[in-house]
There are 2 protein chains.
Amino acid sequence: MVQTSEPKSDRAVGRQGNGQVDQQPRPGRPTLRDVALLANVSFKTVSRVVNNEPRVRAETAERVQQAIRELGFTRNYNASSLKHSLSSATIGLVIADVANPFFAVIARAVEEVARESDHLLVTVSTAEDAERERDVIEALVERRVRGIIVVPVSHDHRFLRRELEHGTAIVFLDRPPARLSADAVLLDNVGGARQAVDHLLAQGHRRIAIVGDRLDVYTMAERYRGYQASLDAAGLAVDENLVRFGCHDTHDAVAAVRELLLLPEPPTAIFAMNNRMSVGCVEVLAGLDRPLALVGFDDFELADALRLPVTVVSYDVEDVGRRAARLLFDRLAGNRDAPKSLTVATHIIERGSGEVRPFSTSVQFDPP
Amino acid sequence: MVQTSEPKSDRAVGRQGNGQVDQQPRPGRPTLRDVALLANVSFKTVSRVVNNEPRVRAETAERVQQAIRELGFTRNYNASSLKHSLSSATIGLVIADVANPFFAVIARAVEEVARESDHLLVTVSTAEDAERERDVIEALVERRVRGIIVVPVSHDHRFLRRELEHGTAIVFLDRPPARLSADAVLLDNVGGARQAVDHLLAQGHRRIAIVGDRLDVYTMAERYRGYQASLDAAGLAVDENLVRFGCHDTHDAVAAVRELLLLPEPPTAIFAMNNRMSVGCVEVLAGLDRPLALVGFDDFELADALRLPVTVVSYDVEDVGRRAARLLFDRLAGNRDAPKSLTVATHIIERGSGEVRPFSTSVQFDPP
DNA sequence: TTGAAAGCGCTACCAA
DNA sequence: TTGGTAGCGCTTTCAA
């Protein structure tokens, strides 16, 4: 079906020369031994060639290379790393969902750093399920990944202490470890949420709704604290009718916003607690005659190209991923300092939706 | 720093009972042997417990479990899988870039299927670089992943024939194998592009620009063929000034569209060849007074919430990923049929931007 | 420059 | 129900 132009000579396994073990080509993948047999050298010599060790005669090496090509031999890395126990040149990334752009960007940044260090990345999703978190981490440890970057779901990470002691590096991302001391890269969630809500208050809003995922997710709890603190500082009480948690995805957020709009006293502004929530809000708000104010936590694609460009609390997502990965490889390189926790600052990007005033009808509907 | 409530009794390694080898706890991860020593059984028995094999006395099993917990033992999966040679319960996914929503959704779908089969997923990016493609595939093979789903970049996959023969399942996604016969899940690229351009022609457009990535990427070439065929059928020639290839990301697309608008005879419509291009186009078009028609290949988030909702050529992305993964696991389950190639159909979703007429000024600017 | 032997952590097979 | 032995594919140490 497909023509190959590779040289086909010397196809027999036991070679013509001396009377070596002329055995059948075994089924399955060729091993060092198969190559050795074909090249008529000891399998240790093949190992040397495969690992580019110096003390091999050029002529011998060439013969071995030829045999490797002929057989399509590829070194079994799992077997190699059985020796130096650790290793595997693989790291793990545990996130909630790759299809969420936040995590997707994190994954790319981490993979990029991993690649620079010649490591492969195994990405697994938890879907915010604590049990699944344990399962996937276990699976990663079983494969002896050298390190794990985890966006944690559970609230007790003592089970990871053993792994740390056993030499697996672990870095927490976006959310801190619970009941464990370990490296972490976090955001200023409380501060960012305060920025958002303060901003809306400054425009004169008093009925500010909040739309988010489960409150037992760390970032949600923190951002809610920021929301509360902001209202509190303004002398306002939290109106439970305006608080909508439990939205897992944009669909849920759409439903939540629709409900909010049907309230006898609807909000004049919304604080969307992450990029999924913001997108959900926009889906609804885009259809309204009169604009509602909106500030979202996390920037997102096309936020600036919408009918009413969305004001967001932003930060460098890629940097978050990169920093976590660097911390990890730093540990793998032998760093034994006390666990470090970095907090990345946020800043607000005003685009229009956050500057809408309550009940305003003359708002600018087109981008500048 | 962190308190543990785990039982700490029997901490010594050689137990109190008979005079067994009372050796030092070795550094590094505990092995079957360490557990056996502590539980005072043979390490084969520990192996049985770890693998839930039936013939172990409950009492013995409990003692072993206790030792496992005490030591924080985790089975070394790489060592296990050395036996049944293949295995590793891992598959690979080779894509261009996880941060591209198309690939992110594919990755999620593939991971989901993998998880159902208790497999882990290693995701690697090629950044559309053929050399990197070979490198990462090699890295995956070295780790003996059982199968690989690849969105190929290179134009010669003969090097994979050996891997197929050696038992590694390979499924091509989005782009077909070149000089190799293998499973594939593709889109109707030519047909989809024709739908898009025919649609624009039907609105009366005659100057239809096309914005895309490198023409040597299969999907781009195919979609361009569709563009050509559509124009050809309408008796129109391709105007090279309106053809903009070489856009890797949204930024490049933005620049390309800006250039197009500065043309002495600018286009009245644009065909964006993938989701990245569409987003770039929207970024520019959102700022214009007079709308330009736009049809994009690939649906994308918020396309319906934009000032001028975007008409797209759509299809079920998740399904594409799922089908590829199912094909792969089907092979791993032993299916030896001739390679299969599936083509997923596309359909147009009219949202407004594709229904803009040339030079129209009275276009509906708000969503219904 | 090359090879032989031991062993990484585990499972398979057979014996007790 | 348990344990011993061999060996997966490779690297390491030492000898030739």
# chains A, B, ... in the order shown; residues from 1 in each chain; ligands from 1
$ select_by_dssp --residues "segment 46-285 of chain A" --states "strand (DSSP E)" --output "PyMOL selection string"
chain A and resi 90-95+120-125+147-150+169-173+183-187+208-211+243-244+269-272
$ write_last_selection --atoms "C-alpha atoms" --output "CSV table (one decimal), in the first residue's frame"
chain,number,residue,atom,x,y,z
A,90,THR,CA,7.4,13.2,33.0
A,91,ILE,CA,5.4,15.6,35.0
A,92,GLY,CA,1.7,15.7,35.8
A,93,LEU,CA,-0.8,18.5,35.6
A,94,VAL,CA,-4.1,18.1,37.5
A,95,ILE,CA,-6.8,20.7,36.5
A,120,LEU,CA,6.5,15.2,28.9
A,121,LEU,CA,3.3,16.4,30.4
A,122,VAL,CA,0.4,14.3,31.5
A,123,THR,CA,-2.7,16.3,31.9
A,124,VAL,CA,-5.7,15.0,33.9
A,125,SER,CA,-9.0,16.5,34.8
A,147,GLY,CA,6.4,16.2,39.9
A,148,ILE,CA,2.8,17.3,39.9
A,149,ILE,CA,1.2,20.7,39.4
A,150,VAL,CA,-2.2,20.6,40.9
A,169,ALA,CA,7.7,17.5,43.7
A,170,ILE,CA,4.3,19.1,44.1
A,171,VAL,CA,3.2,22.6,43.3
A,172,PHE,CA,-0.2,24.0,44.0
A,173,LEU,CA,-1.7,26.3,41.4
A,183,ASP,CA,4.8,25.4,47.0
A,184,ALA,CA,1.9,27.4,45.6
A,185,VAL,CA,1.2,30.1,43.0
A,186,LEU,CA,-2.0,32.0,43.8
A,187,LEU,CA,-3.9,35.0,42.7
A,208,ILE,CA,-24.7,44.2,42.6
A,209,ALA,CA,-25.4,40.6,41.9
A,210,ILE,CA,-22.7,38.0,42.1
A,211,VAL,CA,-22.6,34.8,39.9
A,243,VAL,CA,-26.0,35.8,45.2
A,244,ARG,CA,-26.0,33.0,42.8
A,269,ALA,CA,-24.8,45.3,38.0
A,270,ILE,CA,-23.2,41.9,38.0
A,271,PHE,CA,-19.9,40.6,39.3
A,272,ALA,CA,-19.0,37.5,37.4
$ closest_atom_pairs --of "chain B" --to "chain D" --cutoff "9 Å" --atoms "only C-alpha atoms (C1' of nucleotides)" --output "Markdown table"
| residue | atom | partner | partner_atom | distance |
| --- | --- | --- | --- | --- |
| B:Val41 | CA | D:DT2 | C1' | 8.8 |
| B:Ser42 | CA | D:DG3 | C1' | 6.4 |
| B:Phe43 | CA | D:DG3 | C1' | 8.7 |
| B:Lys44 | CA | D:DG3 | C1' | 7.1 |
| B:Thr45 | CA | D:DT2 | C1' | 7.1 |
| B:Arg55 | CA | D:DT1 | C1' | 6.1 |
| B:Val56 | CA | D:DT1 | C1' | 6.0 |
| B:Arg57 | CA | D:DT1 | C1' | 6.6 |
| B:Ala79 | CA | D:DC8 | C1' | 8.5 |
| B:Ser80 | CA | D:DC8 | C1' | 8.8 |
| B:Ser81 | CA | D:DC8 | C1' | 8.3 |
| B:Leu82 | CA | D:DC8 | C1' | 4.9 |
| B:Lys83 | CA | D:DC8 | C1' | 4.5 |
| B:His84 | CA | D:DC8 | C1' | 7.5 |
| B:Ser85 | CA | D:DC8 | C1' | 6.8 |
$ interface_residues --of "chain C" --to "chain B" --cutoff "7 Å" --atoms "only C-alpha atoms (C1' of nucleotides)" --output "ChimeraX atom specification"
/C:9-11
$ interface_residues --of "chain B" --to "chain A" --cutoff "7 Å" --atoms "only C-alpha atoms" --output "mmCIF file with N, CA and C atoms, in the first residue's frame"
data_model
loop_
_atom_site.group_PDB
_atom_site.id
_atom_site.type_symbol
_atom_site.label_atom_id
_atom_site.label_comp_id
_atom_site.auth_asym_id
_atom_site.auth_seq_id
_atom_site.Cartn_x
_atom_site.Cartn_y
_atom_site.Cartn_z
ATOM 1 N N VAL B 2 2.109 20.340 60.062
ATOM 2 C CA VAL B 2 0.805 19.725 59.829
ATOM 3 C C VAL B 2 0.714 18.507 60.726
ATOM 4 N N GLY B 28 14.397 6.681 49.739
ATOM 5 C CA GLY B 28 13.619 6.638 48.507
ATOM 6 C C GLY B 28 12.280 5.979 48.729
ATOM 7 N N ARG B 29 11.631 5.694 47.622
ATOM 8 C CA ARG B 29 10.298 5.128 47.720
ATOM 9 C C ARG B 29 10.312 3.705 48.213
ATOM 10 N N GLY B 72 3.444 4.279 53.090
ATOM 11 C CA GLY B 72 3.040 5.145 51.986
ATOM 12 C C GLY B 72 3.484 4.537 50.668
ATOM 13 N N THR B 74 3.320 2.976 47.041
ATOM 14 C CA THR B 74 2.528 3.015 45.807
ATOM 15 C C THR B 74 3.215 2.160 44.760
ATOM 16 N N ARG B 75 2.464 1.291 44.163
ATOM 17 C CA ARG B 75 3.036 0.374 43.174
ATOM 18 C C ARG B 75 3.689 1.135 42.024
ATOM 19 N N ASN B 76 4.801 0.668 41.585
ATOM 20 C CA ASN B 76 5.489 1.259 40.435
ATOM 21 C C ASN B 76 4.908 0.658 39.157
ATOM 22 N N TYR B 77 4.072 1.454 38.528
ATOM 23 C CA TYR B 77 3.355 0.953 37.363
ATOM 24 C C TYR B 77 4.286 0.671 36.196
ATOM 25 N N ASN B 78 5.337 1.461 36.082
ATOM 26 C CA ASN B 78 6.287 1.241 34.986
ATOM 27 C C ASN B 78 6.932 -0.129 35.098
ATOM 28 N N ALA B 79 7.252 -0.511 36.326
ATOM 29 C CA ALA B 79 7.862 -1.814 36.537
ATOM 30 C C ALA B 79 6.860 -2.918 36.246
ATOM 31 N N LEU B 82 6.404 -3.665 32.630
ATOM 32 C CA LEU B 82 7.551 -4.252 31.954
ATOM 33 C C LEU B 82 7.232 -5.692 31.594
ATOM 34 N N VAL B 98 -2.645 23.413 22.749
ATOM 35 C CA VAL B 98 -3.810 23.214 23.634
ATOM 36 C C VAL B 98 -4.610 24.471 23.876
ATOM 37 N N ALA B 99 -3.987 25.626 23.730
ATOM 38 C CA ALA B 99 -4.687 26.860 24.055
ATOM 39 C C ALA B 99 -5.670 27.247 22.952
ATOM 40 N N PRO B 101 -8.970 26.722 21.300
ATOM 41 C CA PRO B 101 -10.184 26.069 21.800
ATOM 42 C C PRO B 101 -10.559 24.803 21.036
ATOM 43 N N ALA B 104 -8.363 22.228 22.496
ATOM 44 C CA ALA B 104 -8.696 22.050 23.908
ATOM 45 C C ALA B 104 -9.921 21.162 24.054
ATOM 46 N N VAL B 105 -10.909 21.379 23.213
ATOM 47 C CA VAL B 105 -12.119 20.568 23.271
ATOM 48 C C VAL B 105 -11.820 19.139 22.840
ATOM 49 N N ARG B 108 -10.164 17.437 25.694
ATOM 50 C CA ARG B 108 -11.090 17.031 26.742
ATOM 51 C C ARG B 108 -11.864 15.778 26.349
ATOM 52 N N LEU B 121 -3.703 10.304 29.733
ATOM 53 C CA LEU B 121 -3.456 10.958 28.455
ATOM 54 C C LEU B 121 -2.254 11.893 28.553
ATOM 55 N N VAL B 122 -1.305 11.684 27.665
ATOM 56 C CA VAL B 122 -0.180 12.601 27.563
ATOM 57 C C VAL B 122 -0.442 13.504 26.365
ATOM 58 N N THR B 123 -0.499 14.795 26.596
ATOM 59 C CA THR B 123 -0.767 15.721 25.500
ATOM 60 C C THR B 123 0.493 16.495 25.164
ATOM 61 N N GLU B 142 8.860 5.958 23.157
ATOM 62 C CA GLU B 142 9.847 5.553 24.169
ATOM 63 C C GLU B 142 9.173 5.200 25.492
ATOM 64 N N ARG B 143 8.101 5.899 25.772
ATOM 65 C CA ARG B 143 7.380 5.615 27.012
ATOM 66 C C ARG B 143 6.350 4.516 26.823
ATOM 67 N N ARG B 144 6.328 3.972 25.649
ATOM 68 C CA ARG B 144 5.441 2.844 25.342
ATOM 69 C C ARG B 144 3.976 3.150 25.601
ATOM 70 N N ARG B 162 6.296 1.357 11.123
ATOM 71 C CA ARG B 162 6.942 0.460 12.071
ATOM 72 C C ARG B 162 6.212 0.419 13.400
ATOM 73 N N HIS B 166 4.553 -2.635 15.244
ATOM 74 C CA HIS B 166 4.981 -3.032 16.586
ATOM 75 C C HIS B 166 3.838 -3.007 17.586
ATOM 76 N N ARG B 179 1.312 9.038 2.958
ATOM 77 C CA ARG B 179 2.156 7.894 2.599
ATOM 78 C C ARG B 179 2.096 6.805 3.663
ATOM 79 N N LEU B 180 0.913 6.659 4.228
ATOM 80 C CA LEU B 180 0.713 5.644 5.255
ATOM 81 C C LEU B 180 -0.782 5.351 5.276
ATOM 82 N N VAL B 282 -13.076 39.347 13.806
ATOM 83 C CA VAL B 282 -14.066 40.016 14.644
ATOM 84 C C VAL B 282 -13.436 41.190 15.394
ATOM 85 N N GLU B 283 -12.226 40.993 15.871
ATOM 86 C CA GLU B 283 -11.546 42.052 16.623
ATOM 87 C C GLU B 283 -11.474 43.338 15.792
ATOM 88 N N ALA B 286 -15.369 44.583 14.598
ATOM 89 C CA ALA B 286 -16.173 45.168 15.678
ATOM 90 C C ALA B 286 -16.011 46.687 15.722
ATOM 91 N N GLY B 287 -14.902 47.173 15.215
ATOM 92 C CA GLY B 287 -14.642 48.602 15.304
ATOM 93 C C GLY B 287 -15.079 49.397 14.078
ATOM 94 N N ALA B 305 -22.905 36.281 20.552
ATOM 95 C CA ALA B 305 -23.144 37.396 21.474
ATOM 96 C C ALA B 305 -22.440 38.663 21.007
ATOM 97 N N LEU B 306 -21.875 38.607 19.829
ATOM 98 C CA LEU B 306 -21.164 39.773 19.319
ATOM 99 C C LEU B 306 -22.131 40.806 18.769
ATOM 100 N N ARG B 307 -21.618 41.980 18.580
ATOM 101 C CA ARG B 307 -22.405 43.081 18.040
ATOM 102 C C ARG B 307 -23.064 42.625 16.734
ATOM 103 N N PRO B 367 -28.735 41.576 17.878
ATOM 104 C CA PRO B 367 -29.228 40.195 17.813
ATOM 105 C C PRO B 367 -30.731 40.191 17.992
#
$ atom_distance --atom1 "atom CA of Asp188 of chain A" --atom2 "atom CA of Asp174 of chain A"
9.7 Å
